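In what follows, a structure is listed as structure tokens, so that the remarks can point back to it.
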Amino acid sequence: MNGRATQNAKIEKTENGWRLGIQKGDSLGYRDAQLDDYSGLPRHKFPHQTLSLSLRAKTSSIAPAGTWGFGLWNDPFGMSLGFGGNPFRLPALPNAVWFFSASPQNYLSFTDDKPAHGFLAQTFRSPKFHPLLILAGLALPFSRKTTRKLLSKVINEDGVALSVDVTQWHGYRLEWSAKRVLFYVDDAQVFESPVSPNPPLGVIIWIDNQYAAFTPEGRIGFGVLENPEPAWLEVKDIEVK
């Protein structure tokens, strides 16, 4: 795993793991601490086709401003959001499977019946291209609600909100195969879905102060948030199979 941290963020080695932290600060600067195994790779060379990922984790607070989590993705927003990604990697439709926490400023769902923020077990599957993307792009200047509806027909997603005290140590495991994904908390299955993301994907463990939203009303927003207090994510006993 490779560690990367922006200014005002840091990664510290702990016994059997790491602490990823971001300092308190205003909404003018991006703060991110992450571990990943795809740094420097083009998206088509990301290392995983299937995977079982397990670890133990806890955070500094229930819902720090921004996002944090652990799992796998294709780094779809490397250029489109403009924060923390590879500037030479073009945007792509999302493929991801992860335990994901998003503060209320986020709205990360393209449908109206799935959770869009909070602490989630979540998965996305998208094709490389779909003809409806052309219509979505044409509709964007006139009706963002229509654009979002068209994207919901292209991006397949699934997820549930989890009731877990994330400030205490818990064991998390996700199992990603070609036909389904399984999520476990403390060895109890909490979610199963047939929405399995398209490979290849890379492992990511992170905490940042970023937000992104595309709401049912058609509001689009992204940027960075103020952190009134320092925030951290601690992980240990990481196993990748």
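As shown in the structure tokens, the chain order sets the letters A, B, ...; within each chain, residues go from 1, and ligands are also counted from 1 in the order they appear.
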Near Asp37 in chain A, counting only C-alpha atoms, which residues have an atom at most 8 Å away, once you skip same-chain residues fewer than 5 positions from it, shown as a PyMOL selection string? chain A and resi 1-2+47+202-204
Which residues come within 9 Å of range 210-227 of chain A, counting only C-alpha atoms, excluding same-chain residues fewer than 4 positions away, as a ChimeraX atom specification? /A:22-32,64-67,81-83,102-112,116,143-149,231
Mind writing the picked residues with N, CA, C and O atoms as a compact mmCIF listing (two decimals), in the first residue's frame?
```txt
# COMPACT_ATOMS: atom_id res chain seq x y z
N ILE A 22 -6.42 14.40 9.16
CA ILE A 22 -6.44 15.72 8.55
C ILE A 22 -6.61 16.75 9.66
O ILE A 22 -7.33 16.53 10.63
N GLN A 23 -5.91 17.87 9.52
CA GLN A 23 -5.96 18.90 10.53
C GLN A 23 -7.23 19.73 10.39
O GLN A 23 -7.90 19.72 9.35
N LYS A 24 -7.57 20.45 11.45
CA LYS A 24 -8.68 21.39 11.33
C LYS A 24 -8.28 22.50 10.38
O LYS A 24 -7.10 22.84 10.24
N GLY A 25 -9.28 23.07 9.71
CA GLY A 25 -8.98 24.12 8.74
C GLY A 25 -10.24 24.63 8.08
O GLY A 25 -11.34 24.11 8.30
N ASP A 26 -10.07 25.66 7.26
CA ASP A 26 -11.21 26.30 6.61
C ASP A 26 -11.57 25.56 5.32
O ASP A 26 -11.04 24.49 5.02
N SER A 27 -12.50 26.14 4.57
CA SER A 27 -12.99 25.51 3.34
C SER A 27 -12.22 25.98 2.11
O SER A 27 -12.72 25.87 0.99
N LEU A 28 -11.02 26.49 2.30
CA LEU A 28 -10.22 26.97 1.17
C LEU A 28 -9.20 25.95 0.68
O LEU A 28 -8.65 26.11 -0.41
N GLY A 29 -8.94 24.92 1.50
CA GLY A 29 -7.90 23.97 1.11
C GLY A 29 -8.37 22.54 1.21
O GLY A 29 -9.17 22.18 2.09
N TYR A 30 -7.87 21.71 0.28
CA TYR A 30 -8.19 20.29 0.28
C TYR A 30 -7.23 19.56 1.21
O TYR A 30 -6.02 19.76 1.15
N ARG A 31 -7.79 18.70 2.08
CA ARG A 31 -6.99 17.90 3.00
C ARG A 31 -7.36 16.43 2.81
O ARG A 31 -8.54 16.07 2.94
N ASP A 32 -6.37 15.61 2.53
CA ASP A 32 -6.62 14.20 2.24
C ASP A 32 -5.45 13.37 2.71
O ASP A 32 -4.28 13.71 2.48
N PRO A 64 -17.37 13.20 10.55
CA PRO A 64 -16.51 14.34 10.24
C PRO A 64 -16.87 14.94 8.88
O PRO A 64 -17.36 14.24 8.00
N ALA A 65 -16.63 16.23 8.74
CA ALA A 65 -16.96 16.91 7.48
C ALA A 65 -16.13 16.36 6.34
O ALA A 65 -14.90 16.31 6.42
N GLY A 66 -16.79 15.91 5.28
CA GLY A 66 -16.11 15.34 4.14
C GLY A 66 -16.49 13.89 3.95
O GLY A 66 -17.64 13.50 4.16
N THR A 67 -15.53 13.07 3.57
CA THR A 67 -15.78 11.64 3.37
C THR A 67 -14.63 10.83 3.93
O THR A 67 -13.52 11.31 4.10
N LEU A 81 -13.37 16.31 -10.46
CA LEU A 81 -13.57 17.08 -9.23
C LEU A 81 -12.41 18.03 -8.97
O LEU A 81 -12.58 19.04 -8.29
N GLY A 82 -11.26 17.70 -9.47
CA GLY A 82 -10.14 18.61 -9.33
C GLY A 82 -9.41 18.56 -8.01
O GLY A 82 -8.54 19.38 -7.75
N PHE A 83 -9.74 17.61 -7.14
CA PHE A 83 -9.08 17.53 -5.85
C PHE A 83 -8.49 16.14 -5.66
O PHE A 83 -9.20 15.15 -5.74
N ALA A 102 -20.14 9.62 4.28
CA ALA A 102 -20.23 10.95 3.67
C ALA A 102 -21.05 11.86 4.57
O ALA A 102 -22.14 11.50 5.00
N SER A 103 -20.52 13.04 4.87
CA SER A 103 -21.23 14.00 5.70
C SER A 103 -22.44 14.54 4.94
O SER A 103 -22.57 14.36 3.72
N PRO A 104 -23.38 15.20 5.62
CA PRO A 104 -24.65 15.58 4.99
C PRO A 104 -24.55 16.50 3.77
O PRO A 104 -25.48 16.56 2.98
N GLN A 105 -23.42 17.17 3.59
CA GLN A 105 -23.28 18.03 2.41
C GLN A 105 -23.17 17.22 1.13
O GLN A 105 -23.32 17.76 0.03
N ASN A 106 -22.87 15.93 1.27
CA ASN A 106 -22.75 15.06 0.11
C ASN A 106 -24.10 14.50 -0.31
O ASN A 106 -25.00 14.31 0.51
N TYR A 107 -24.25 14.22 -1.59
CA TYR A 107 -25.40 13.45 -2.08
C TYR A 107 -24.87 12.59 -3.22
O TYR A 107 -24.83 12.99 -4.38
N LEU A 108 -24.45 11.38 -2.86
CA LEU A 108 -23.76 10.51 -3.79
C LEU A 108 -24.62 9.32 -4.16
O LEU A 108 -24.33 8.17 -3.83
N SER A 109 -25.71 9.61 -4.83
CA SER A 109 -26.59 8.59 -5.39
C SER A 109 -27.27 9.18 -6.61
O SER A 109 -27.59 10.37 -6.63
N PHE A 110 -27.49 8.35 -7.61
CA PHE A 110 -28.16 8.81 -8.81
C PHE A 110 -29.62 8.36 -8.86
O PHE A 110 -30.31 8.59 -9.85
N THR A 111 -30.09 7.71 -7.81
CA THR A 111 -31.48 7.29 -7.73
C THR A 111 -32.11 7.91 -6.49
O THR A 111 -31.43 8.47 -5.64
N ASP A 112 -33.42 7.80 -6.37
CA ASP A 112 -34.13 8.40 -5.24
C ASP A 112 -34.46 7.40 -4.14
O ASP A 112 -35.06 7.77 -3.13
N ALA A 116 -27.79 8.35 0.25
CA ALA A 116 -26.83 9.20 -0.46
C ALA A 116 -25.77 9.80 0.44
O ALA A 116 -24.82 10.42 -0.05
N SER A 143 -31.85 20.88 -18.27
CA SER A 143 -32.54 20.22 -17.16
C SER A 143 -31.59 19.24 -16.47
O SER A 143 -31.33 18.15 -16.98
N ARG A 144 -31.07 19.66 -15.32
CA ARG A 144 -30.20 18.77 -14.58
C ARG A 144 -30.96 17.57 -14.02
O ARG A 144 -30.39 16.49 -13.86
N LYS A 145 -32.24 17.74 -13.73
CA LYS A 145 -33.05 16.62 -13.25
C LYS A 145 -33.15 15.54 -14.32
O LYS A 145 -33.08 14.35 -14.04
N THR A 146 -33.31 15.96 -15.58
CA THR A 146 -33.35 15.00 -16.68
C THR A 146 -32.00 14.30 -16.84
O THR A 146 -31.94 13.09 -17.06
N THR A 147 -30.93 15.08 -16.73
CA THR A 147 -29.60 14.49 -16.82
C THR A 147 -29.40 13.43 -15.75
O THR A 147 -28.90 12.33 -16.02
N ARG A 148 -29.81 13.74 -14.52
CA ARG A 148 -29.66 12.78 -13.43
C ARG A 148 -30.48 11.52 -13.68
O ARG A 148 -30.02 10.41 -13.41
N LYS A 149 -31.68 11.70 -14.21
CA LYS A 149 -32.53 10.54 -14.52
C LYS A 149 -31.89 9.66 -15.59
O LYS A 149 -31.92 8.43 -15.50
N ALA A 231 -9.58 15.52 12.29
CA ALA A 231 -10.32 14.27 12.08
C ALA A 231 -9.33 13.18 11.67
O ALA A 231 -8.33 13.46 11.01
```
Excluding Arg125 in chain A and its own-chain neighbours fewer than 4 positions away, which residues fall within 10 Å of it when counting only C-alpha atoms? Please give them as JSON, numbers by chain. {"A": [93, 94, 95, 96, 97, 154, 155, 156, 157, 158, 195, 196, 197, 198, 199]}
Strand (DSSP E or B) positions in range 42-103 of chain A, given as JSON, numbers by chain: {"A": [48, 51, 52, 53, 54, 55, 56, 57, 58, 59, 67, 68, 69, 70, 71, 72, 73, 96, 97, 98, 99, 100, 101, 102]}
Apply DSSP to the backbone of this structure and, from range 20-234 of chain A, keep only the residues in helix (DSSP H, G or I); write these as a PyMOL selection string. chain A and resi 43-45+132-139+144-154
Pairwise distance for CA of Pro76 in chain A and CA of Leu90 in chain A, rounded to one decimal in Å: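 Separation of CA of Pro76 in chain A and CA of Leu90 in chain A: 7.9 Å.
Shortest atom-to-atom contact with Glu239 in chain A among A:Glu175, A:Asp208, A:Glu192, A:Asp165: A:Glu175, counting only C-alpha atoms.
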One decimal, Å: what's the distance from CA of Trp176 in chain A over to CA of Ala63 in chain A, could you say?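 Between CA of Trp176 in chain A and CA of Ala63 in chain A the gap works out to 26.1 Å.
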Looking at only C-alpha atoms, which of A:Lys10, A:Lys128, A:Arg19, A:Lys241 is the one that sits closest to Leu174 in chain A? A:Lys241
Counting only C-alpha atoms, what is within 10 Å of Asn16 in chain A, bar same-chain residues fewer than 3 positions away, as JSON, numbers by chain? {"A": [13, 235, 236, 237, 238]}
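Distance annotation: of A:Leu182, A:Ile207, A:Leu133, A:Leu201, the residue with the minimal separation from Ser152 in chain A is A:Leu133; atom set is only C-alpha atoms.
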